[in-house]
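Heads up, the thing below is written out as structure tokens.
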Amino acid sequence: MNQHVLALPNGERIAYLLERRQRKTIGMKITAEGLVVHAPLRLKQTDLEGLLLTKARWISTKLKARQASALPAMQWVDGASLLWLGEPITLEIIPAARNSRPRLEQGILSLTTTNINDHVSIARRVVQWYHKQAMEDFARRLQLLATKLGEPLPPLALSNARTRWGSCNSRREIRLNWRLIQAKPSIINYVIAHELAHLREMNHSARFWAVVASIYPEYRQAELALKQCSALLYQLG
């Protein structure tokens, strides 16, 4: 089998293993190694990838589901491990007469609760904290990178998407997945640079990637790092 990379319309790149066989149709399966494709011997590579692109949503969804299933479910208990800007932090749950907002100090995210067994409430409050921190952090980075690109600051909103880390629409509005606040700053910067580049190029052509590189030259390394940690970032739900 040979390894190839499929570029999806949303800018995502998926590595896949390709095996040519004496067959008439294309076969696809998701394994522990990722996407595996079996294709007819005489089918042109361009035609093969064109057909794979028609299944892009299915491929992306199945891969993320496979990755997520390999991880243990998040346990909202005292001592649980979380991520914050690429660094591990520890959840501290403190029983008290009333609830309080989570507070991060020296790698400990503390919150008080009237019921330490109400995991749904604890999860909701921690995720709300992540949302607030994400908006503040992303807005600052967006301002810096938009200035570097020489573009006016676009409107920013948070996304809860299951298959996309960011988007930029025709109204020049940018949406960023709140879960990115768990990732390293280099990854966050890459995703923001990626979406800002769409202000100039609403495609994923060579010109688009040249714009990304002009804002964030290290984008290739960050893109790879995002692929490697994407399943982990979805542990919070």
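Chains: A, B, ... in order of the structure tokens. Residues: from 1 per chain. Ligands: from 1, in order shown.
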
Please list as an mmCIF file with all heavy atoms, in the first residue's frame every residue within 10 Å of stretch 153-169 of chain A, counting only C-alpha atoms and excluding residues in the same chain fewer than 3 positions away.
data_model
loop_
_atom_site.group_PDB
_atom_site.id
_atom_site.type_symbol
_atom_site.label_atom_id
_atom_site.label_comp_id
_atom_site.auth_asym_id
_atom_site.auth_seq_id
_atom_site.Cartn_x
_atom_site.Cartn_y
_atom_site.Cartn_z
ATOM 1 N N ASN A 10 -12.814 21.931 2.728
ATOM 2 C CA ASN A 10 -12.721 22.831 3.884
ATOM 3 C C ASN A 10 -11.281 23.083 4.324
ATOM 4 O O ASN A 10 -11.041 23.713 5.355
ATOM 5 C CB ASN A 10 -13.537 22.277 5.054
ATOM 6 C CG ASN A 10 -12.995 20.956 5.573
ATOM 7 O OD1 ASN A 10 -11.994 20.446 5.080
ATOM 8 N ND2 ASN A 10 -13.654 20.384 6.560
ATOM 9 N N GLY A 11 -10.323 22.581 3.538
ATOM 10 C CA GLY A 11 -8.919 22.791 3.863
ATOM 11 C C GLY A 11 -8.291 21.673 4.657
ATOM 12 O O GLY A 11 -7.068 21.617 4.819
ATOM 13 N N GLU A 12 -9.103 20.764 5.147
ATOM 14 C CA GLU A 12 -8.592 19.616 5.894
ATOM 15 C C GLU A 12 -7.863 18.676 4.947
ATOM 16 O O GLU A 12 -8.247 18.510 3.785
ATOM 17 C CB GLU A 12 -9.765 18.884 6.558
ATOM 18 C CG GLU A 12 -9.342 17.724 7.440
ATOM 19 C CD GLU A 12 -10.544 17.041 8.078
ATOM 20 O OE1 GLU A 12 -11.687 17.495 7.856
ATOM 21 O OE2 GLU A 12 -10.336 16.034 8.782
ATOM 22 N N ARG A 57 -17.463 14.265 3.479
ATOM 23 C CA ARG A 57 -18.132 14.408 4.776
ATOM 24 C C ARG A 57 -18.157 13.073 5.522
ATOM 25 O O ARG A 57 -17.902 13.006 6.718
ATOM 26 C CB ARG A 57 -19.555 14.939 4.576
ATOM 27 C CG ARG A 57 -20.283 15.197 5.893
ATOM 28 C CD ARG A 57 -21.691 15.710 5.624
ATOM 29 N NE ARG A 57 -21.661 17.001 4.994
ATOM 30 C CZ ARG A 57 -21.578 18.152 5.646
ATOM 31 N NH1 ARG A 57 -21.516 18.151 6.963
ATOM 32 N NH2 ARG A 57 -21.572 19.292 5.007
ATOM 33 N N SER A 60 -14.547 12.230 6.798
ATOM 34 C CA SER A 60 -14.139 13.054 7.933
ATOM 35 C C SER A 60 -14.886 12.663 9.200
ATOM 36 O O SER A 60 -14.292 12.524 10.278
ATOM 37 C CB SER A 60 -14.377 14.531 7.612
ATOM 38 O OG SER A 60 -13.939 15.344 8.672
ATOM 39 N N THR A 61 -16.191 12.463 9.081
ATOM 40 C CA THR A 61 -17.007 12.099 10.242
ATOM 41 C C THR A 61 -16.589 10.746 10.813
ATOM 42 O O THR A 61 -16.455 10.583 12.033
ATOM 43 C CB THR A 61 -18.498 12.063 9.853
ATOM 44 O OG1 THR A 61 -18.890 13.353 9.384
ATOM 45 C CG2 THR A 61 -19.356 11.673 11.045
ATOM 46 N N LEU A 63 -13.701 9.173 10.483
ATOM 47 C CA LEU A 63 -12.364 9.213 11.057
ATOM 48 C C LEU A 63 -12.390 9.818 12.455
ATOM 49 O O LEU A 63 -11.751 9.309 13.386
ATOM 50 C CB LEU A 63 -11.428 10.018 10.151
ATOM 51 C CG LEU A 63 -10.903 9.299 8.912
ATOM 52 C CD1 LEU A 63 -10.148 10.271 8.016
ATOM 53 C CD2 LEU A 63 -9.992 8.136 9.296
ATOM 54 N N LYS A 64 -13.132 10.918 12.623
ATOM 55 C CA LYS A 64 -13.211 11.561 13.933
ATOM 56 C C LYS A 64 -13.895 10.640 14.947
ATOM 57 O O LYS A 64 -13.513 10.582 16.113
ATOM 58 C CB LYS A 64 -13.944 12.891 13.821
ATOM 59 C CG LYS A 64 -13.109 13.985 13.171
ATOM 60 C CD LYS A 64 -13.858 15.300 13.146
ATOM 61 C CE LYS A 64 -12.940 16.439 12.695
ATOM 62 N NZ LYS A 64 -12.448 16.309 11.335
ATOM 63 N N ALA A 65 -14.925 9.936 14.487
ATOM 64 C CA ALA A 65 -15.621 9.010 15.382
ATOM 65 C C ALA A 65 -14.696 7.880 15.810
ATOM 66 O O ALA A 65 -14.695 7.466 16.976
ATOM 67 C CB ALA A 65 -16.858 8.451 14.691
ATOM 68 N N HIS A 131 -15.614 28.445 26.928
ATOM 69 C CA HIS A 131 -16.180 29.356 25.933
ATOM 70 C C HIS A 131 -15.709 30.793 26.183
ATOM 71 O O HIS A 131 -15.299 31.499 25.246
ATOM 72 C CB HIS A 131 -17.707 29.298 25.977
ATOM 73 C CG HIS A 131 -18.302 28.193 25.173
ATOM 74 N ND1 HIS A 131 -19.080 28.411 24.066
ATOM 75 C CD2 HIS A 131 -18.227 26.846 25.299
ATOM 76 C CE1 HIS A 131 -19.474 27.257 23.554
ATOM 77 N NE2 HIS A 131 -18.967 26.287 24.291
ATOM 78 N N LYS A 132 -15.812 31.231 27.421
ATOM 79 C CA LYS A 132 -15.424 32.604 27.756
ATOM 80 C C LYS A 132 -13.944 32.843 27.483
ATOM 81 O O LYS A 132 -13.558 33.861 26.886
ATOM 82 C CB LYS A 132 -15.732 32.883 29.229
ATOM 83 C CG LYS A 132 -15.419 34.302 29.682
ATOM 84 C CD LYS A 132 -15.810 34.505 31.131
ATOM 85 C CE LYS A 132 -15.587 35.952 31.575
ATOM 86 N NZ LYS A 132 -14.162 36.347 31.511
ATOM 87 N N ALA A 134 -12.040 31.158 25.473
ATOM 88 C CA ALA A 134 -11.785 31.033 24.032
ATOM 89 C C ALA A 134 -12.081 32.336 23.312
ATOM 90 O O ALA A 134 -11.285 32.801 22.478
ATOM 91 C CB ALA A 134 -12.622 29.897 23.447
ATOM 92 N N MET A 135 -13.220 32.951 23.600
ATOM 93 C CA MET A 135 -13.570 34.200 22.923
ATOM 94 C C MET A 135 -12.536 35.283 23.187
ATOM 95 O O MET A 135 -12.112 36.008 22.278
ATOM 96 C CB MET A 135 -14.958 34.662 23.369
ATOM 97 C CG MET A 135 -15.389 35.970 22.718
ATOM 98 S SD MET A 135 -15.417 35.902 20.888
ATOM 99 C CE MET A 135 -17.029 35.148 20.633
ATOM 100 N N PHE A 138 -9.126 34.135 21.371
ATOM 101 C CA PHE A 138 -9.223 34.166 19.909
ATOM 102 C C PHE A 138 -9.328 35.595 19.389
ATOM 103 O O PHE A 138 -8.757 35.920 18.339
ATOM 104 C CB PHE A 138 -10.431 33.365 19.436
ATOM 105 C CG PHE A 138 -10.386 31.890 19.768
ATOM 106 C CD1 PHE A 138 -11.512 31.094 19.611
ATOM 107 C CD2 PHE A 138 -9.227 31.294 20.251
ATOM 108 C CE1 PHE A 138 -11.484 29.751 19.916
ATOM 109 C CE2 PHE A 138 -9.185 29.942 20.570
ATOM 110 C CZ PHE A 138 -10.330 29.167 20.403
ATOM 111 N N ALA A 139 -10.077 36.435 20.103
ATOM 112 C CA ALA A 139 -10.243 37.826 19.658
ATOM 113 C C ALA A 139 -8.898 38.544 19.623
ATOM 114 O O ALA A 139 -8.600 39.307 18.689
ATOM 115 C CB ALA A 139 -11.217 38.553 20.588
ATOM 116 N N LEU A 142 -6.888 37.109 16.689
ATOM 117 C CA LEU A 142 -7.474 37.548 15.421
ATOM 118 C C LEU A 142 -7.070 38.985 15.106
ATOM 119 O O LEU A 142 -6.757 39.315 13.956
ATOM 120 C CB LEU A 142 -8.994 37.424 15.493
ATOM 121 C CG LEU A 142 -9.773 37.740 14.211
ATOM 122 C CD1 LEU A 142 -9.423 36.758 13.102
ATOM 123 C CD2 LEU A 142 -11.276 37.714 14.473
ATOM 124 N N GLN A 143 -7.081 39.834 16.114
ATOM 125 C CA GLN A 143 -6.676 41.228 15.931
ATOM 126 C C GLN A 143 -5.232 41.315 15.440
ATOM 127 O O GLN A 143 -4.925 42.037 14.471
ATOM 128 C CB GLN A 143 -6.829 41.990 17.250
ATOM 129 C CG GLN A 143 -6.299 43.420 17.217
ATOM 130 C CD GLN A 143 -7.217 44.349 16.467
ATOM 131 O OE1 GLN A 143 -8.296 44.688 16.952
ATOM 132 N NE2 GLN A 143 -6.811 44.780 15.286
ATOM 133 N N LEU A 144 -4.348 40.560 16.080
ATOM 134 C CA LEU A 144 -2.930 40.609 15.713
ATOM 135 C C LEU A 144 -2.691 40.097 14.291
ATOM 136 O O LEU A 144 -1.957 40.711 13.501
ATOM 137 C CB LEU A 144 -2.109 39.776 16.709
ATOM 138 C CG LEU A 144 -2.014 40.326 18.138
ATOM 139 C CD1 LEU A 144 -1.366 39.308 19.061
ATOM 140 C CD2 LEU A 144 -1.221 41.630 18.142
ATOM 141 N N LEU A 145 -3.333 38.977 13.940
ATOM 142 C CA LEU A 145 -3.091 38.379 12.631
ATOM 143 C C LEU A 145 -3.803 39.142 11.518
ATOM 144 O O LEU A 145 -3.297 39.211 10.390
ATOM 145 C CB LEU A 145 -3.511 36.918 12.642
ATOM 146 C CG LEU A 145 -2.615 36.015 13.503
ATOM 147 C CD1 LEU A 145 -3.222 34.615 13.659
ATOM 148 C CD2 LEU A 145 -1.218 35.901 12.903
ATOM 149 N N ALA A 146 -4.959 39.720 11.805
ATOM 150 C CA ALA A 146 -5.639 40.543 10.803
ATOM 151 C C ALA A 146 -4.801 41.777 10.484
ATOM 152 O O ALA A 146 -4.689 42.186 9.316
ATOM 153 C CB ALA A 146 -7.027 40.942 11.295
ATOM 154 N N THR A 147 -4.209 42.359 11.504
ATOM 155 C CA THR A 147 -3.328 43.511 11.301
ATOM 156 C C THR A 147 -2.122 43.122 10.458
ATOM 157 O O THR A 147 -1.708 43.855 9.551
ATOM 158 C CB THR A 147 -2.873 44.071 12.662
ATOM 159 O OG1 THR A 147 -4.007 44.494 13.412
ATOM 160 C CG2 THR A 147 -1.911 45.239 12.471
ATOM 161 N N GLY A 150 -3.116 42.932 6.987
ATOM 162 C CA GLY A 150 -3.543 44.206 6.427
ATOM 163 C C GLY A 150 -5.024 44.253 6.114
ATOM 164 O O GLY A 150 -5.462 44.956 5.208
ATOM 165 N N ARG A 172 -17.684 37.758 5.352
ATOM 166 C CA ARG A 172 -16.390 38.011 6.007
ATOM 167 C C ARG A 172 -16.478 37.809 7.519
ATOM 168 O O ARG A 172 -15.727 38.409 8.287
ATOM 169 C CB ARG A 172 -15.862 39.414 5.677
ATOM 170 C CG ARG A 172 -15.621 39.630 4.201
ATOM 171 C CD ARG A 172 -15.310 41.073 3.895
ATOM 172 N NE ARG A 172 -14.040 41.488 4.450
ATOM 173 C CZ ARG A 172 -12.848 41.329 3.858
ATOM 174 N NH1 ARG A 172 -12.785 40.756 2.664
ATOM 175 N NH2 ARG A 172 -11.744 41.756 4.427
ATOM 176 N N GLU A 173 -17.362 36.919 7.944
ATOM 177 C CA GLU A 173 -17.490 36.568 9.347
ATOM 178 C C GLU A 173 -16.696 35.298 9.624
ATOM 179 O O GLU A 173 -16.779 34.341 8.856
ATOM 180 C CB GLU A 173 -18.956 36.336 9.698
ATOM 181 C CG GLU A 173 -19.837 37.553 9.493
ATOM 182 C CD GLU A 173 -21.314 37.217 9.542
ATOM 183 O OE1 GLU A 173 -21.675 36.043 9.278
ATOM 184 O OE2 GLU A 173 -22.118 38.117 9.830
ATOM 185 N N ILE A 174 -15.964 35.306 10.710
ATOM 186 C CA ILE A 174 -15.137 34.149 11.064
ATOM 187 C C ILE A 174 -15.715 33.464 12.300
ATOM 188 O O ILE A 174 -16.073 34.117 13.274
ATOM 189 C CB ILE A 174 -13.677 34.573 11.304
ATOM 190 C CG1 ILE A 174 -13.011 34.911 9.958
ATOM 191 C CG2 ILE A 174 -12.884 33.481 12.033
ATOM 192 C CD1 ILE A 174 -11.579 35.350 10.059
ATOM 193 N N ARG A 175 -15.818 32.139 12.214
ATOM 194 C CA ARG A 175 -16.256 31.317 13.341
ATOM 195 C C ARG A 175 -15.130 30.347 13.683
ATOM 196 O O ARG A 175 -14.553 29.726 12.781
ATOM 197 C CB ARG A 175 -17.540 30.552 12.993
ATOM 198 C CG ARG A 175 -18.729 31.456 12.723
ATOM 199 C CD ARG A 175 -19.954 30.656 12.324
ATOM 200 N NE ARG A 175 -20.435 29.802 13.402
ATOM 201 C CZ ARG A 175 -21.259 30.212 14.362
ATOM 202 N NH1 ARG A 175 -21.688 31.468 14.377
ATOM 203 N NH2 ARG A 175 -21.669 29.381 15.309
ATOM 204 N N LEU A 176 -14.831 30.224 14.972
ATOM 205 C CA LEU A 176 -13.765 29.335 15.434
ATOM 206 C C LEU A 176 -14.321 28.368 16.469
ATOM 207 O O LEU A 176 -15.082 28.765 17.357
ATOM 208 C CB LEU A 176 -12.617 30.143 16.040
ATOM 209 C CG LEU A 176 -11.911 31.116 15.100
ATOM 210 C CD1 LEU A 176 -10.942 31.996 15.879
ATOM 211 C CD2 LEU A 176 -11.177 30.364 13.993
ATOM 212 N N ASN A 177 -13.921 27.116 16.346
ATOM 213 C CA ASN A 177 -14.372 26.085 17.275
ATOM 214 C C ASN A 177 -13.794 26.359 18.657
ATOM 215 O O ASN A 177 -12.582 26.463 18.837
ATOM 216 C CB ASN A 177 -13.908 24.713 16.766
ATOM 217 C CG ASN A 177 -14.624 23.570 17.429
ATOM 218 O OD1 ASN A 177 -14.772 23.532 18.643
ATOM 219 N ND2 ASN A 177 -15.069 22.605 16.630
ATOM 220 N N TRP A 178 -14.677 26.475 19.673
ATOM 221 C CA TRP A 178 -14.221 26.810 21.024
ATOM 222 C C TRP A 178 -13.239 25.797 21.581
ATOM 223 O O TRP A 178 -12.391 26.129 22.424
ATOM 224 C CB TRP A 178 -15.410 26.952 21.969
ATOM 225 C CG TRP A 178 -16.199 25.681 22.192
ATOM 226 C CD1 TRP A 178 -17.289 25.261 21.499
ATOM 227 C CD2 TRP A 178 -15.923 24.660 23.168
ATOM 228 N NE1 TRP A 178 -17.728 24.032 21.978
ATOM 229 C CE2 TRP A 178 -16.913 23.652 23.005
ATOM 230 C CE3 TRP A 178 -14.970 24.499 24.163
ATOM 231 C CZ2 TRP A 178 -16.950 22.499 23.798
ATOM 232 C CZ3 TRP A 178 -15.003 23.354 24.955
ATOM 233 C CH2 TRP A 178 -15.982 22.382 24.776
ATOM 234 N N ARG A 179 -13.302 24.547 21.101
ATOM 235 C CA ARG A 179 -12.421 23.495 21.624
ATOM 236 C C ARG A 179 -10.947 23.772 21.339
ATOM 237 O O ARG A 179 -10.062 23.192 21.966
ATOM 238 C CB ARG A 179 -12.818 22.144 21.036
ATOM 239 C CG ARG A 179 -14.217 21.692 21.419
ATOM 240 C CD ARG A 179 -14.604 20.426 20.680
ATOM 241 N NE ARG A 179 -15.977 20.014 20.956
ATOM 242 C CZ ARG A 179 -17.044 20.492 20.329
ATOM 243 N NH1 ARG A 179 -16.882 21.418 19.367
ATOM 244 N NH2 ARG A 179 -18.252 20.078 20.635
ATOM 245 N N LEU A 180 -10.679 24.665 20.389
ATOM 246 C CA LEU A 180 -9.291 24.992 20.045
ATOM 247 C C LEU A 180 -8.541 25.629 21.212
ATOM 248 O O LEU A 180 -7.311 25.629 21.214
ATOM 249 C CB LEU A 180 -9.257 25.934 18.839
ATOM 250 C CG LEU A 180 -9.419 25.308 17.461
ATOM 251 C CD1 LEU A 180 -9.606 26.392 16.406
ATOM 252 C CD2 LEU A 180 -8.216 24.431 17.117
ATOM 253 N N ILE A 188 -3.709 27.228 17.328
ATOM 254 C CA ILE A 188 -4.750 28.257 17.279
ATOM 255 C C ILE A 188 -4.384 29.320 16.239
ATOM 256 O O ILE A 188 -5.221 29.740 15.432
ATOM 257 C CB ILE A 188 -4.946 28.901 18.663
ATOM 258 C CG1 ILE A 188 -5.330 27.846 19.704
ATOM 259 C CG2 ILE A 188 -6.005 29.997 18.599
ATOM 260 C CD1 ILE A 188 -5.375 28.363 21.128
ATOM 261 N N VAL A 191 -5.068 28.023 12.679
ATOM 262 C CA VAL A 191 -6.481 27.991 12.280
ATOM 263 C C VAL A 191 -6.987 29.402 11.993
ATOM 264 O O VAL A 191 -7.704 29.636 11.010
ATOM 265 C CB VAL A 191 -7.340 27.306 13.353
ATOM 266 C CG1 VAL A 191 -8.821 27.395 12.989
ATOM 267 C CG2 VAL A 191 -6.933 25.848 13.516
ATOM 268 N N ILE A 192 -6.594 30.362 12.814
ATOM 269 C CA ILE A 192 -7.019 31.746 12.582
ATOM 270 C C ILE A 192 -6.413 32.275 11.287
ATOM 271 O O ILE A 192 -7.098 32.932 10.485
ATOM 272 C CB ILE A 192 -6.626 32.632 13.782
ATOM 273 C CG1 ILE A 192 -7.420 32.211 15.021
ATOM 274 C CG2 ILE A 192 -6.864 34.110 13.469
ATOM 275 C CD1 ILE A 192 -7.038 32.944 16.286
ATOM 276 N N HIS A 194 -5.568 30.522 8.737
ATOM 277 C CA HIS A 194 -6.270 29.810 7.667
ATOM 278 C C HIS A 194 -7.573 30.530 7.311
ATOM 279 O O HIS A 194 -7.863 30.788 6.142
ATOM 280 C CB HIS A 194 -6.552 28.377 8.122
ATOM 281 C CG HIS A 194 -7.202 27.525 7.090
ATOM 282 N ND1 HIS A 194 -6.611 26.391 6.589
ATOM 283 C CD2 HIS A 194 -8.401 27.620 6.449
ATOM 284 C CE1 HIS A 194 -7.409 25.836 5.695
ATOM 285 N NE2 HIS A 194 -8.514 26.565 5.597
ATOM 286 N N GLU A 195 -8.364 30.866 8.332
ATOM 287 C CA GLU A 195 -9.650 31.517 8.066
ATOM 288 C C GLU A 195 -9.464 32.944 7.574
ATOM 289 O O GLU A 195 -10.208 33.413 6.703
ATOM 290 C CB GLU A 195 -10.533 31.470 9.308
ATOM 291 C CG GLU A 195 -10.822 30.066 9.821
ATOM 292 C CD GLU A 195 -11.291 29.107 8.740
ATOM 293 O OE1 GLU A 195 -11.940 29.556 7.764
ATOM 294 O OE2 GLU A 195 -10.994 27.900 8.841
ATOM 295 N N LEU A 196 -8.489 33.659 8.099
ATOM 296 C CA LEU A 196 -8.216 35.010 7.609
ATOM 297 C C LEU A 196 -7.809 35.006 6.140
ATOM 298 O O LEU A 196 -8.163 35.922 5.386
ATOM 299 C CB LEU A 196 -7.114 35.666 8.442
ATOM 300 C CG LEU A 196 -7.529 36.271 9.780
ATOM 301 C CD1 LEU A 196 -6.297 36.680 10.571
ATOM 302 C CD2 LEU A 196 -8.437 37.480 9.567
ATOM 303 N N ALA A 197 -7.092 33.977 5.729
ATOM 304 C CA ALA A 197 -6.663 33.890 4.328
ATOM 305 C C ALA A 197 -7.855 33.816 3.387
ATOM 306 O O ALA A 197 -7.773 34.222 2.223
ATOM 307 C CB ALA A 197 -5.737 32.691 4.131
ATOM 308 N N HIS A 198 -8.981 33.315 3.891
ATOM 309 C CA HIS A 198 -10.184 33.244 3.063
ATOM 310 C C HIS A 198 -10.773 34.624 2.776
ATOM 311 O O HIS A 198 -11.613 34.763 1.878
ATOM 312 C CB HIS A 198 -11.230 32.358 3.731
ATOM 313 C CG HIS A 198 -10.956 30.888 3.573
ATOM 314 N ND1 HIS A 198 -10.700 30.307 2.342
ATOM 315 C CD2 HIS A 198 -10.892 29.884 4.488
ATOM 316 C CE1 HIS A 198 -10.502 29.009 2.508
ATOM 317 N NE2 HIS A 198 -10.599 28.732 3.797
ATOM 318 N N LEU A 199 -10.345 35.630 3.505
ATOM 319 C CA LEU A 199 -10.768 36.994 3.176
ATOM 320 C C LEU A 199 -10.194 37.412 1.831
ATOM 321 O O LEU A 199 -10.757 38.270 1.144
ATOM 322 C CB LEU A 199 -10.313 37.973 4.260
ATOM 323 C CG LEU A 199 -10.875 37.747 5.674
ATOM 324 C CD1 LEU A 199 -10.267 38.753 6.639
ATOM 325 C CD2 LEU A 199 -12.392 37.850 5.673
ATOM 326 N N MET A 202 -11.278 32.707 -1.368
ATOM 327 C CA MET A 202 -12.326 31.810 -0.866
ATOM 328 C C MET A 202 -12.207 30.434 -1.529
ATOM 329 O O MET A 202 -13.137 29.936 -2.178
ATOM 330 C CB MET A 202 -13.703 32.415 -1.113
ATOM 331 C CG MET A 202 -14.000 33.627 -0.260
ATOM 332 S SD MET A 202 -14.029 33.250 1.529
ATOM 333 C CE MET A 202 -15.560 32.334 1.641
ATOM 334 N N LEU A 226 -2.317 19.638 14.596
ATOM 335 C CA LEU A 226 -3.763 19.659 14.816
ATOM 336 C C LEU A 226 -4.384 18.315 14.469
ATOM 337 O O LEU A 226 -5.251 17.817 15.190
ATOM 338 C CB LEU A 226 -4.405 20.771 13.988
ATOM 339 C CG LEU A 226 -5.931 20.866 14.062
ATOM 340 C CD1 LEU A 226 -6.398 21.056 15.495
ATOM 341 C CD2 LEU A 226 -6.430 22.000 13.178
ATOM 342 N N SER A 230 -6.500 16.220 17.233
ATOM 343 C CA SER A 230 -7.900 16.621 17.036
ATOM 344 C C SER A 230 -8.882 15.785 17.840
ATOM 345 O O SER A 230 -9.833 16.316 18.428
ATOM 346 C CB SER A 230 -8.265 16.583 15.552
ATOM 347 O OG SER A 230 -8.116 15.277 15.032
ATOM 348 N N TYR A 234 -11.787 16.814 21.337
ATOM 349 C CA TYR A 234 -13.230 16.589 21.371
ATOM 350 C C TYR A 234 -13.669 15.797 22.609
ATOM 351 O O TYR A 234 -14.847 15.472 22.743
ATOM 352 C CB TYR A 234 -13.691 15.860 20.102
ATOM 353 C CG TYR A 234 -14.000 16.819 18.977
ATOM 354 C CD1 TYR A 234 -13.023 17.161 18.058
ATOM 355 C CD2 TYR A 234 -15.261 17.391 18.847
ATOM 356 C CE1 TYR A 234 -13.305 18.063 17.034
ATOM 357 C CE2 TYR A 234 -15.552 18.278 17.828
ATOM 358 C CZ TYR A 234 -14.571 18.607 16.925
ATOM 359 O OH TYR A 234 -14.843 19.504 15.912
ATOM 360 N N GLY A 237 -16.663 16.926 24.644
ATOM 361 C CA GLY A 237 -18.016 16.853 24.081
ATOM 362 C C GLY A 237 -18.236 17.834 22.958
ATOM 363 O O GLY A 237 -17.366 18.579 22.580
#

Notebook entry, point to check: So which one's closest to A:Leu8, A:Ile89, A:Leu41, A:Leu53, A:Ala96? Using only C-alpha atoms, please.
Noted result: A:Leu53

Next item on the list: Write down as a count of residues only the residues belonging to stretch 53-224 of chain A that are assigned strand (DSSP E) by DSSP computed on the backbone.
Entry: 33

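For A:Thr113, the non-local neighbours within 12 Å, defined as residues at least 3 positions apart in the same chain or in other chains and counting only C-alpha atoms, are A:Val77, A:Asp78, A:Glu92, A:Ile93, A:Ile94, A:Pro95, A:Ala96, A:Ala97, A:Arg98, A:Asn99, A:Ser100, A:Arg101, A:Pro102, A:Ser110, A:Ile116, A:Asn117, A:Asp118, A:His119, A:Val120, A:Ser121, A:Ile122, A:Ala123, A:Arg125, A:Val126.
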
Item checked: A:Ser214 surroundings by only C-alpha atoms, 9 Å radius, close-in-sequence under 4 positions cut, as a PyMOL selection string -> chain A and resi 148-149+209-210

Checklist line | Pick from A:Gln75, A:Thr112, A:Asn2, A:Gln182 nearest to A:Tyr16, counting only C-alpha atoms | finding: A:Asn2

Note to self: Report as number ranges by chain all protein, DNA and RNA residues lying within 12 Å of A:Leu104, evaluated on only C-alpha atoms, omitting residues in the same chain fewer than 4 positions from it.
What the structure shows: A: 82-84, 88-92, 108-111, 126, 129-130, 133

Next item on the list: Name the residues of stretch 62-158 of chain A that fall into alpha helix (DSSP H) according to DSSP on the backbone, using the chain letters and numbers of this document, as a ChimeraX atom specification.
Entry: /A:62-69,119-149

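Across A:Val127, A:Met74, A:Ala193, A:Leu17, the tightest approach to A:Val5 is made by A:Leu17 when counting only C-alpha atoms.
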
Next item on the list: Could you please determine the separation between atom CA of A:Gln128 and atom CA of A:Thr114 in Å, to one decimal place?
Entry: 17.8 Å

Check: How many Å lie between atom CA of A:Leu35 and atom CA of A:Ile14, rounded to one decimal?
Finding: 8.1 Å

Notebook entry, point to check: Can you list, as a ChimeraX atom specification, every protein, DNA or RNA residue that comes within 10 Å of stretch 28-34 of chain A when you count only C-alpha atoms, leaving out same-chain residues fewer than 2 positions away?
Noted result: /A:14-18,26,36-39,52,55,59,62-67,70

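Proximity of A:Leu43, A:Val212, A:Leu6, A:Ala222 to A:Arg23, computed with only C-alpha atoms, is greatest for A:Leu43.
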
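Using only C-alpha atoms for every distance, the candidate list A:Leu51, A:Leu232, A:Ile215, A:Ala73 yields A:Ile215 as the residue closest to A:Arg141.
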
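The two atoms in question, atom CA of A:Ser186 and atom CA of A:Val211, are spaced 16.9 Å apart.
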